[in-house]
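Data file: target_7.pdb. Format and content: PDB, C-alpha atoms and all ligand atoms.
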```
ATOM      1  CA  MET H  12     132.839 109.184  -3.537  1.00  0.00           C
ATOM      2  CA  ALA H  13     130.609 106.667  -1.820  1.00  0.00           C
ATOM      3  CA  LEU H  14     133.411 104.301  -1.072  1.00  0.00           C
ATOM      4  CA  ASN H  15     131.323 102.337   1.375  1.00  0.00           C
ATOM      5  CA  GLU H  16     129.441 100.822  -1.512  1.00  0.00           C
ATOM      6  CA  LEU H  17     132.638  99.081  -2.522  1.00  0.00           C
ATOM      7  CA  TYR H  18     133.321  97.585   0.822  1.00  0.00           C
ATOM      8  CA  GLN H  19     131.285  94.492   0.610  1.00  0.00           C
ATOM      9  CA  GLU H  20     131.653  91.800   3.180  1.00  0.00           C
ATOM     10  CA  VAL H  21     134.195  89.791   1.206  1.00  0.00           C
ATOM     11  CA  ILE H  22     136.412  92.821   0.683  1.00  0.00           C
ATOM     12  CA  ILE H  23     136.313  93.815   4.342  1.00  0.00           C
ATOM     13  CA  ASP H  24     137.073  90.271   5.429  1.00  0.00           C
ATOM     14  CA  HIS H  25     140.030  89.853   3.046  1.00  0.00           C
ATOM     15  CA  SER H  26     141.484  93.285   3.749  1.00  0.00           C
ATOM     16  CA  ARG H  27     141.403  92.762   7.513  1.00  0.00           C
ATOM     17  CA  LYS H  28     142.567  89.166   7.405  1.00  0.00           C
ATOM     18  CA  PRO H  29     144.502  88.773   4.168  1.00  0.00           C
ATOM     19  CA  ARG H  30     145.071  85.158   3.147  1.00  0.00           C
ATOM     20  CA  ASN H  31     148.527  83.915   2.191  1.00  0.00           C
ATOM     21  CA  PHE H  32     150.104  87.047   3.667  1.00  0.00           C
ATOM     22  CA  TYR H  33     153.744  86.065   4.153  1.00  0.00           C
ATOM     23  CA  ALA H  34     157.074  86.066   2.375  1.00  0.00           C
ATOM     24  CA  CYS H  35     157.654  82.706   0.720  1.00  0.00           C
ATOM     25  CA  SER H  36     161.341  81.834   1.088  1.00  0.00           C
ATOM     26  CA  LYS H  37     161.032  79.027  -1.459  1.00  0.00           C
ATOM     27  CA  ALA H  38     159.516  81.210  -4.154  1.00  0.00           C
ATOM     28  CA  THR H  39     160.688  80.619  -7.708  1.00  0.00           C
ATOM     29  CA  HIS H  40     159.123  83.880  -8.895  1.00  0.00           C
ATOM     30  CA  SER H  41     158.895  87.161  -7.042  1.00  0.00           C
ATOM     31  CA  LYS H  42     158.045  90.699  -7.991  1.00  0.00           C
ATOM     32  CA  GLN H  43     157.362  94.041  -6.403  1.00  0.00           C
ATOM     33  CA  GLY H  44     154.496  96.214  -7.521  1.00  0.00           C
ATOM     34  CA  TYR H  45     153.612  99.793  -6.732  1.00  0.00           C
ATOM     35  CA  ASN H  46     150.537 101.878  -7.431  1.00  0.00           C
ATOM     36  CA  PRO H  47     151.624 105.518  -7.040  1.00  0.00           C
ATOM     37  CA  LEU H  48     148.059 106.809  -7.427  1.00  0.00           C
ATOM     38  CA  CYS H  49     147.109 105.330  -4.070  1.00  0.00           C
ATOM     39  CA  GLY H  50     150.446 104.346  -2.541  1.00  0.00           C
ATOM     40  CA  ASP H  51     149.735 100.614  -2.609  1.00  0.00           C
ATOM     41  CA  GLN H  52     152.834  98.435  -2.398  1.00  0.00           C
ATOM     42  CA  ILE H  53     153.012  94.708  -2.857  1.00  0.00           C
ATOM     43  CA  THR H  54     155.613  92.005  -3.049  1.00  0.00           C
ATOM     44  CA  LEU H  55     154.339  88.858  -4.639  1.00  0.00           C
ATOM     45  CA  TYR H  56     155.842  85.397  -4.203  1.00  0.00           C
ATOM     46  CA  MET H  57     155.074  82.343  -6.302  1.00  0.00           C
ATOM     47  CA  LYS H  58     156.406  78.829  -6.147  1.00  0.00           C
ATOM     48  CA  ILE H  59     155.876  77.380  -9.581  1.00  0.00           C
ATOM     49  CA  VAL H  60     156.678  73.755 -10.291  1.00  0.00           C
ATOM     50  CA  ASP H  61     155.969  72.083 -13.631  1.00  0.00           C
ATOM     51  CA  ASP H  62     153.847  75.011 -14.845  1.00  0.00           C
ATOM     52  CA  LYS H  63     151.677  74.829 -11.767  1.00  0.00           C
ATOM     53  CA  ILE H  64     151.352  77.480  -9.059  1.00  0.00           C
ATOM     54  CA  GLN H  65     151.980  75.460  -5.921  1.00  0.00           C
ATOM     55  CA  LYS H  66     152.154  78.474  -3.644  1.00  0.00           C
ATOM     56  CA  ILE H  67     151.358  82.122  -4.053  1.00  0.00           C
ATOM     57  CA  SER H  68     151.676  84.665  -1.277  1.00  0.00           C
ATOM     58  CA  PHE H  69     152.192  88.368  -0.801  1.00  0.00           C
ATOM     59  CA  GLN H  70     153.280  91.077   1.564  1.00  0.00           C
ATOM     60  CA  GLY H  71     152.929  94.811   1.450  1.00  0.00           C
ATOM     61  CA  ASN H  72     151.041  97.886   2.450  1.00  0.00           C
ATOM     62  CA  GLY H  73     147.972  99.041   0.650  1.00  0.00           C
ATOM     63  CA  CYS H  74     144.399 100.190   0.850  1.00  0.00           C
ATOM     64  CA  ALA H  75     141.565  97.781   1.578  1.00  0.00           C
ATOM     65  CA  ILE H  76     140.833  97.223  -2.109  1.00  0.00           C
ATOM     66  CA  SER H  77     144.405  96.378  -3.086  1.00  0.00           C
ATOM     67  CA  THR H  78     144.902  94.109  -0.084  1.00  0.00           C
ATOM     68  CA  ALA H  79     141.594  92.305  -0.596  1.00  0.00           C
ATOM     69  CA  SER H  80     142.272  91.870  -4.296  1.00  0.00           C
ATOM     70  CA  ALA H  81     145.732  90.403  -3.641  1.00  0.00           C
ATOM     71  CA  SER H  82     144.322  88.103  -0.969  1.00  0.00           C
ATOM     72  CA  LEU H  83     141.494  86.910  -3.220  1.00  0.00           C
ATOM     73  CA  MET H  84     143.955  86.437  -6.065  1.00  0.00           C
ATOM     74  CA  THR H  85     146.192  84.150  -4.011  1.00  0.00           C
ATOM     75  CA  GLU H  86     143.171  82.013  -3.140  1.00  0.00           C
ATOM     76  CA  ALA H  87     141.995  81.916  -6.742  1.00  0.00           C
ATOM     77  CA  LEU H  88     145.381  80.971  -8.219  1.00  0.00           C
ATOM     78  CA  THR H  89     146.725  78.425  -5.739  1.00  0.00           C
ATOM     79  CA  GLY H  90     147.019  75.085  -7.496  1.00  0.00           C
ATOM     80  CA  LYS H  91     146.266  76.530 -10.924  1.00  0.00           C
ATOM     81  CA  THR H  92     148.386  76.035 -14.022  1.00  0.00           C
ATOM     82  CA  LEU H  93     150.003  79.066 -15.643  1.00  0.00           C
ATOM     83  CA  GLU H  94     147.513  78.839 -18.506  1.00  0.00           C
ATOM     84  CA  GLU H  95     144.591  78.804 -16.064  1.00  0.00           C
ATOM     85  CA  ALA H  96     146.112  81.752 -14.200  1.00  0.00           C
ATOM     86  CA  LYS H  97     146.285  83.785 -17.406  1.00  0.00           C
ATOM     87  CA  VAL H  98     142.641  83.005 -18.184  1.00  0.00           C
ATOM     88  CA  ILE H  99     141.595  84.069 -14.670  1.00  0.00           C
ATOM     89  CA  PHE H 100     143.683  87.243 -15.003  1.00  0.00           C
ATOM     90  CA  ALA H 101     141.956  88.097 -18.284  1.00  0.00           C
ATOM     91  CA  GLY H 102     138.529  87.413 -16.803  1.00  0.00           C
ATOM     92  CA  PHE H 103     139.230  89.517 -13.736  1.00  0.00           C
ATOM     93  CA  HIS H 104     140.674  92.348 -15.814  1.00  0.00           C
ATOM     94  CA  ASP H 105     137.540  92.382 -17.981  1.00  0.00           C
ATOM     95  CA  LEU H 106     135.368  92.319 -14.859  1.00  0.00           C
ATOM     96  CA  VAL H 107     136.869  95.475 -13.345  1.00  0.00           C
ATOM     97  CA  THR H 108     137.548  97.382 -16.573  1.00  0.00           C
ATOM     98  CA  LYS H 109     134.646  96.398 -18.829  1.00  0.00           C
ATOM     99  CA  GLY H 110     132.107  95.127 -16.346  1.00  0.00           C
ATOM    100  CA  ASN H 111     131.789  91.710 -17.910  1.00  0.00           C
ATOM    101  CA  ASP H 112     129.887  89.443 -15.565  1.00  0.00           C
ATOM    102  CA  GLU H 113     132.225  86.533 -15.132  1.00  0.00           C
ATOM    103  CA  LYS H 114     130.390  83.953 -13.066  1.00  0.00           C
ATOM    104  CA  ALA H 115     133.404  81.653 -13.239  1.00  0.00           C
ATOM    105  CA  LEU H 116     135.363  84.116 -11.116  1.00  0.00           C
ATOM    106  CA  GLY H 117     133.552  83.189  -7.919  1.00  0.00           C
ATOM    107  CA  LYS H 118     134.508  85.364  -4.963  1.00  0.00           C
ATOM    108  CA  LEU H 119     136.535  87.669  -7.187  1.00  0.00           C
ATOM    109  CA  THR H 120     133.277  89.204  -8.405  1.00  0.00           C
ATOM    110  CA  ALA H 121     133.139  91.002  -5.028  1.00  0.00           C
ATOM    111  CA  LEU H 122     135.513  93.506  -6.650  1.00  0.00           C
ATOM    112  CA  ALA H 123     133.233  94.188  -9.633  1.00  0.00           C
ATOM    113  CA  GLY H 124     132.096  97.473  -8.055  1.00  0.00           C
ATOM    114  CA  VAL H 125     135.460  99.150  -8.608  1.00  0.00           C
ATOM    115  CA  ILE H 126     134.553  99.724 -12.243  1.00  0.00           C
ATOM    116  CA  GLU H 127     132.634 102.789 -11.035  1.00  0.00           C
ATOM    117  CA  TYR H 128     135.837 104.240  -9.588  1.00  0.00           C
ATOM    118  CA  PRO H 129     138.723 104.494 -12.092  1.00  0.00           C
ATOM    119  CA  MET H 130     141.241 105.267  -9.334  1.00  0.00           C
ATOM    120  CA  ARG H 131     140.248 102.096  -7.545  1.00  0.00           C
ATOM    121  CA  VAL H 132     140.654  99.927 -10.631  1.00  0.00           C
ATOM    122  CA  LYS H 133     144.414 100.470 -10.258  1.00  0.00           C
ATOM    123  CA  CYS H 134     144.202  99.276  -6.657  1.00  0.00           C
ATOM    124  CA  ALA H 135     142.228  96.182  -7.645  1.00  0.00           C
ATOM    125  CA  THR H 136     144.522  95.218 -10.518  1.00  0.00           C
ATOM    126  CA  LEU H 137     147.907  95.943  -8.879  1.00  0.00           C
ATOM    127  CA  ALA H 138     148.426  92.421  -7.544  1.00  0.00           C
ATOM    128  CA  TRP H 139     147.304  90.931 -10.838  1.00  0.00           C
ATOM    129  CA  HIS H 140     149.663  92.970 -12.982  1.00  0.00           C
ATOM    130  CA  THR H 141     152.448  92.163 -10.522  1.00  0.00           C
ATOM    131  CA  MET H 142     151.611  88.474 -10.880  1.00  0.00           C
ATOM    132  CA  MET H 143     151.765  88.631 -14.689  1.00  0.00           C
ATOM    133  CA  ALA H 144     155.068  90.535 -14.526  1.00  0.00           C
ATOM    134  CA  ALA H 145     156.475  87.971 -12.118  1.00  0.00           C
ATOM    135  CA  LEU H 146     155.698  85.191 -14.587  1.00  0.00           C
ATOM    136  CA  LYS H 147     157.831  86.917 -17.201  1.00  0.00           C
ATOM    137  CA  ASN H 148     160.856  87.316 -14.938  1.00  0.00           C
ATOM    138  CA  ASP H 149     162.037  83.949 -13.743  1.00  0.00           C
ATOM    139  CA  GLN H 150     164.072  84.114 -10.535  1.00  0.00           C
ATOM    140  CA  GLU H 151     164.404  87.859 -10.781  1.00  0.00           C
ATOM    141  CA  LEU H 152     163.616  89.920  -7.717  1.00  0.00           C
ATOM    142  CA  VAL H 153     162.877  93.454  -8.792  1.00  0.00           C
ATOM    143  CA  CYS H 154     163.825  96.235  -6.441  1.00  0.00           C
ATOM    144  CA  THR H 155     162.417  99.713  -6.867  1.00  0.00           C
ATOM    145  CA  GLU H 156     165.538 101.377  -5.419  1.00  0.00           C
TER     146      GLU H 156
HETATM  147 ZN    ZN R 201     144.729 101.524  -3.259  1.00  0.00          ZN
END
```

Please re-express this file's structure in structure tokens.
Amino acid sequence: MALNELYQEVIIDHSRKPRNFYACSKATHSKQGYNPLCGDQITLYMKIVDDKIQKISFQGNGCAISTASASLMTEALTGKTLEEAKVIFAGFHDLVTKGNDEKALGKLTALAGVIEYPMRVKCATLAWHTMMAALKNDQELVCTE
């Protein structure tokens, strides 16, 4: 697999220097996610006030794709309403599973190449599915133990 083709500049940058990479002690929503296919682990933190994502951060261990995707997601969703976040999720999901060219996604389109690699789609969407799950579980911190 020519993985190098996936590692565009944006992905390398965000995987080496992930943005919003910390545990948010004031989070109102938090959720752990795990991708057993690759071993990617993530804990996502969101501070949501009045239906708006004031803060979103993450911690975890994962491959470059999963880390970059989580990092890009936190940038894309900071300050967004929950409705906007769901629209961005749907657009991103279509981008990496159907190949729809979503110009509105901005930097997130750096991950479009994963569509060629089904295993990597799971890496790219882990943070996003964790985010959607977190929205459904107010206050609840899920532990995998
Ligand atoms: Zn991975």

| field | Expected answer as a ChimeraX atom specification: residues within 12 Å of ligand ZN 201 (chain R), all atoms listed in the file | value | /H:14,26,44-53,71-81,125,128-138

| request: Name the residues within 8 Å of (154.2, 85.8, 4.9), counting only C-alpha atoms in the file's coordinates, and put them as a PyMOL selection string. | output: chain H and resi 31-35+68-70

Limited to C-alpha atoms, could you put the picked residues into a file as an mmCIF file, in the frame of the given file?
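Result file follows (selection.cif):
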```cif
data_model
loop_
_atom_site.group_PDB
_atom_site.id
_atom_site.type_symbol
_atom_site.label_atom_id
_atom_site.label_comp_id
_atom_site.auth_asym_id
_atom_site.auth_seq_id
_atom_site.Cartn_x
_atom_site.Cartn_y
_atom_site.Cartn_z
ATOM 1 C CA ASN H 31 148.527 83.915 2.191
ATOM 2 C CA PHE H 32 150.104 87.047 3.667
ATOM 3 C CA TYR H 33 153.744 86.065 4.153
ATOM 4 C CA ALA H 34 157.074 86.066 2.375
ATOM 5 C CA CYS H 35 157.654 82.706 0.720
ATOM 6 C CA SER H 68 151.676 84.665 -1.277
ATOM 7 C CA PHE H 69 152.192 88.368 -0.801
ATOM 8 C CA GLN H 70 153.280 91.077 1.564
#
```

| request: Mind giving me the straight-line distance from atom CA of Asp61 of chain H to atom CA of Met143 of chain H in Å, one decimal? | output: 17.1 Å

For segment 63-78 of chain H, I'd like the enclosing box, axis-aligned and padded by 3 Å on every side, reported as AutoDock Vina command-line options with centre and edge lengths in Å to one decimal.
```
--center_x 147.1 --center_y 87.5 --center_z -4.7 --size_x 18.4 --size_y 31.4 --size_z 20.2
```

| said: Assuming the chain letters and numbering stay as they are in my file, what does the PyMOL selection byres (((chain H and resi 95-97) around 10) and not hetatm) actually select? List them as a PyMOL selection string. | reply: chain H and resi 63-64+84+87-94+98-103+139+142-143+146

| query | Contacts of Lys37 of chain H at 9 Å or less, counting only C-alpha atoms, minus same-chain residues fewer than 5 places along, as an MDAnalysis selection string? | reply | chainID H and resid 56:58

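The spacing separating atom CA of Ile23 of chain H from atom CA of Lys66 of chain H amounts to 23.5 Å.
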
| said: Quick check, in Å to one decimal: how far apart do atom CA of Lys114 of chain H and atom CA of His25 of chain H lie? | reply: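 About the pair atom CA of Lys114 of chain H and atom CA of His25 of chain H: they are 19.7 Å apart.
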
| Of the residues H:Val107, H:Val60, H:Pro29, H:Thr39, which is the one nearest to Thr85 of chain H, using only C-alpha atoms? |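 Of H:Val107, H:Val60, H:Pro29, H:Thr39, the one nearest Thr85 of chain H is H:Pro29, counting only C-alpha atoms.
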
| query | Nearest to Ala123 of chain H among H:Leu55, H:Ala145, H:Val21, H:Ile67, with distances taken over only C-alpha atoms: which residue is it? | reply |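 The shortest atom-to-atom distance to Ala123 of chain H comes from H:Val21.
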
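For the set H:Arg30, H:His104, H:His40, H:His140, the residue with the smallest atom-to-atom gap to Ile59 of chain H is H:His40, counting only C-alpha atoms.
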
Completion of segment 73-84 of chain H up to all heavy atoms, as an mmCIF file, keeping the file's coordinate frame:
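The resulting rebuild-v2.cif:
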```cif
data_model
loop_
_atom_site.group_PDB
_atom_site.id
_atom_site.type_symbol
_atom_site.label_atom_id
_atom_site.label_comp_id
_atom_site.auth_asym_id
_atom_site.auth_seq_id
_atom_site.Cartn_x
_atom_site.Cartn_y
_atom_site.Cartn_z
ATOM 1 N N GLY H 73 148.867 98.468 1.647
ATOM 2 C CA GLY H 73 147.972 99.041 0.650
ATOM 3 C C GLY H 73 146.614 99.312 1.240
ATOM 4 O O GLY H 73 146.337 98.996 2.399
ATOM 5 N N CYS H 74 145.767 99.902 0.418
ATOM 6 C CA CYS H 74 144.399 100.190 0.850
ATOM 7 C C CYS H 74 143.608 98.882 0.924
ATOM 8 O O CYS H 74 144.093 97.823 0.510
ATOM 9 C CB CYS H 74 143.748 101.165 -0.124
ATOM 10 S SG CYS H 74 143.518 100.479 -1.772
ATOM 11 N N ALA H 75 142.401 98.977 1.413
ATOM 12 C CA ALA H 75 141.565 97.781 1.578
ATOM 13 C C ALA H 75 141.332 97.064 0.250
ATOM 14 O O ALA H 75 141.373 95.834 0.181
ATOM 15 C CB ALA H 75 140.222 98.173 2.201
ATOM 16 N N ILE H 76 141.115 97.838 -0.813
ATOM 17 C CA ILE H 76 140.833 97.223 -2.109
ATOM 18 C C ILE H 76 142.038 96.448 -2.634
ATOM 19 O O ILE H 76 141.913 95.312 -3.092
ATOM 20 C CB ILE H 76 140.420 98.298 -3.142
ATOM 21 C CG1 ILE H 76 139.131 99.008 -2.715
ATOM 22 C CG2 ILE H 76 140.275 97.686 -4.530
ATOM 23 C CD1 ILE H 76 137.899 98.153 -2.760
ATOM 24 N N SER H 77 143.222 97.056 -2.550
ATOM 25 C CA SER H 77 144.405 96.378 -3.086
ATOM 26 C C SER H 77 144.748 95.142 -2.256
ATOM 27 O O SER H 77 145.132 94.108 -2.806
ATOM 28 C CB SER H 77 145.596 97.338 -3.157
ATOM 29 O OG SER H 77 146.068 97.671 -1.874
ATOM 30 N N THR H 78 144.601 95.252 -0.955
ATOM 31 C CA THR H 78 144.902 94.109 -0.084
ATOM 32 C C THR H 78 143.904 92.981 -0.318
ATOM 33 O O THR H 78 144.288 91.811 -0.453
ATOM 34 C CB THR H 78 144.877 94.532 1.398
ATOM 35 O OG1 THR H 78 145.794 95.605 1.589
ATOM 36 C CG2 THR H 78 145.241 93.373 2.306
ATOM 37 N N ALA H 79 142.627 93.332 -0.378
ATOM 38 C CA ALA H 79 141.594 92.305 -0.596
ATOM 39 C C ALA H 79 141.773 91.639 -1.950
ATOM 40 O O ALA H 79 141.634 90.422 -2.086
ATOM 41 C CB ALA H 79 140.203 92.925 -0.483
ATOM 42 N N SER H 80 142.106 92.430 -2.961
ATOM 43 C CA SER H 80 142.272 91.870 -4.296
ATOM 44 C C SER H 80 143.450 90.904 -4.335
ATOM 45 O O SER H 80 143.367 89.823 -4.919
ATOM 46 C CB SER H 80 142.479 92.995 -5.318
ATOM 47 O OG SER H 80 142.545 92.469 -6.616
ATOM 48 N N ALA H 81 144.564 91.285 -3.687
ATOM 49 C CA ALA H 81 145.732 90.403 -3.641
ATOM 50 C C ALA H 81 145.402 89.115 -2.892
ATOM 51 O O ALA H 81 145.763 88.011 -3.321
ATOM 52 C CB ALA H 81 146.899 91.122 -2.977
ATOM 53 N N SER H 82 144.691 89.262 -1.775
ATOM 54 C CA SER H 82 144.322 88.103 -0.969
ATOM 55 C C SER H 82 143.416 87.152 -1.766
ATOM 56 O O SER H 82 143.625 85.940 -1.803
ATOM 57 C CB SER H 82 143.614 88.583 0.296
ATOM 58 O OG SER H 82 143.128 87.487 1.035
ATOM 59 N N LEU H 83 142.413 87.724 -2.413
ATOM 60 C CA LEU H 83 141.494 86.910 -3.220
ATOM 61 C C LEU H 83 142.228 86.259 -4.392
ATOM 62 O O LEU H 83 141.946 85.123 -4.767
ATOM 63 C CB LEU H 83 140.341 87.784 -3.741
ATOM 64 C CG LEU H 83 139.305 88.173 -2.682
ATOM 65 C CD1 LEU H 83 138.496 89.380 -3.141
ATOM 66 C CD2 LEU H 83 138.368 86.995 -2.387
ATOM 67 N N MET H 84 143.195 86.979 -4.945
ATOM 68 C CA MET H 84 143.955 86.437 -6.065
ATOM 69 C C MET H 84 144.752 85.215 -5.632
ATOM 70 O O MET H 84 144.788 84.205 -6.351
ATOM 71 C CB MET H 84 144.893 87.497 -6.642
ATOM 72 C CG MET H 84 145.687 87.003 -7.837
ATOM 73 S SD MET H 84 146.899 88.201 -8.432
ATOM 74 C CE MET H 84 148.211 87.950 -7.231
#
```
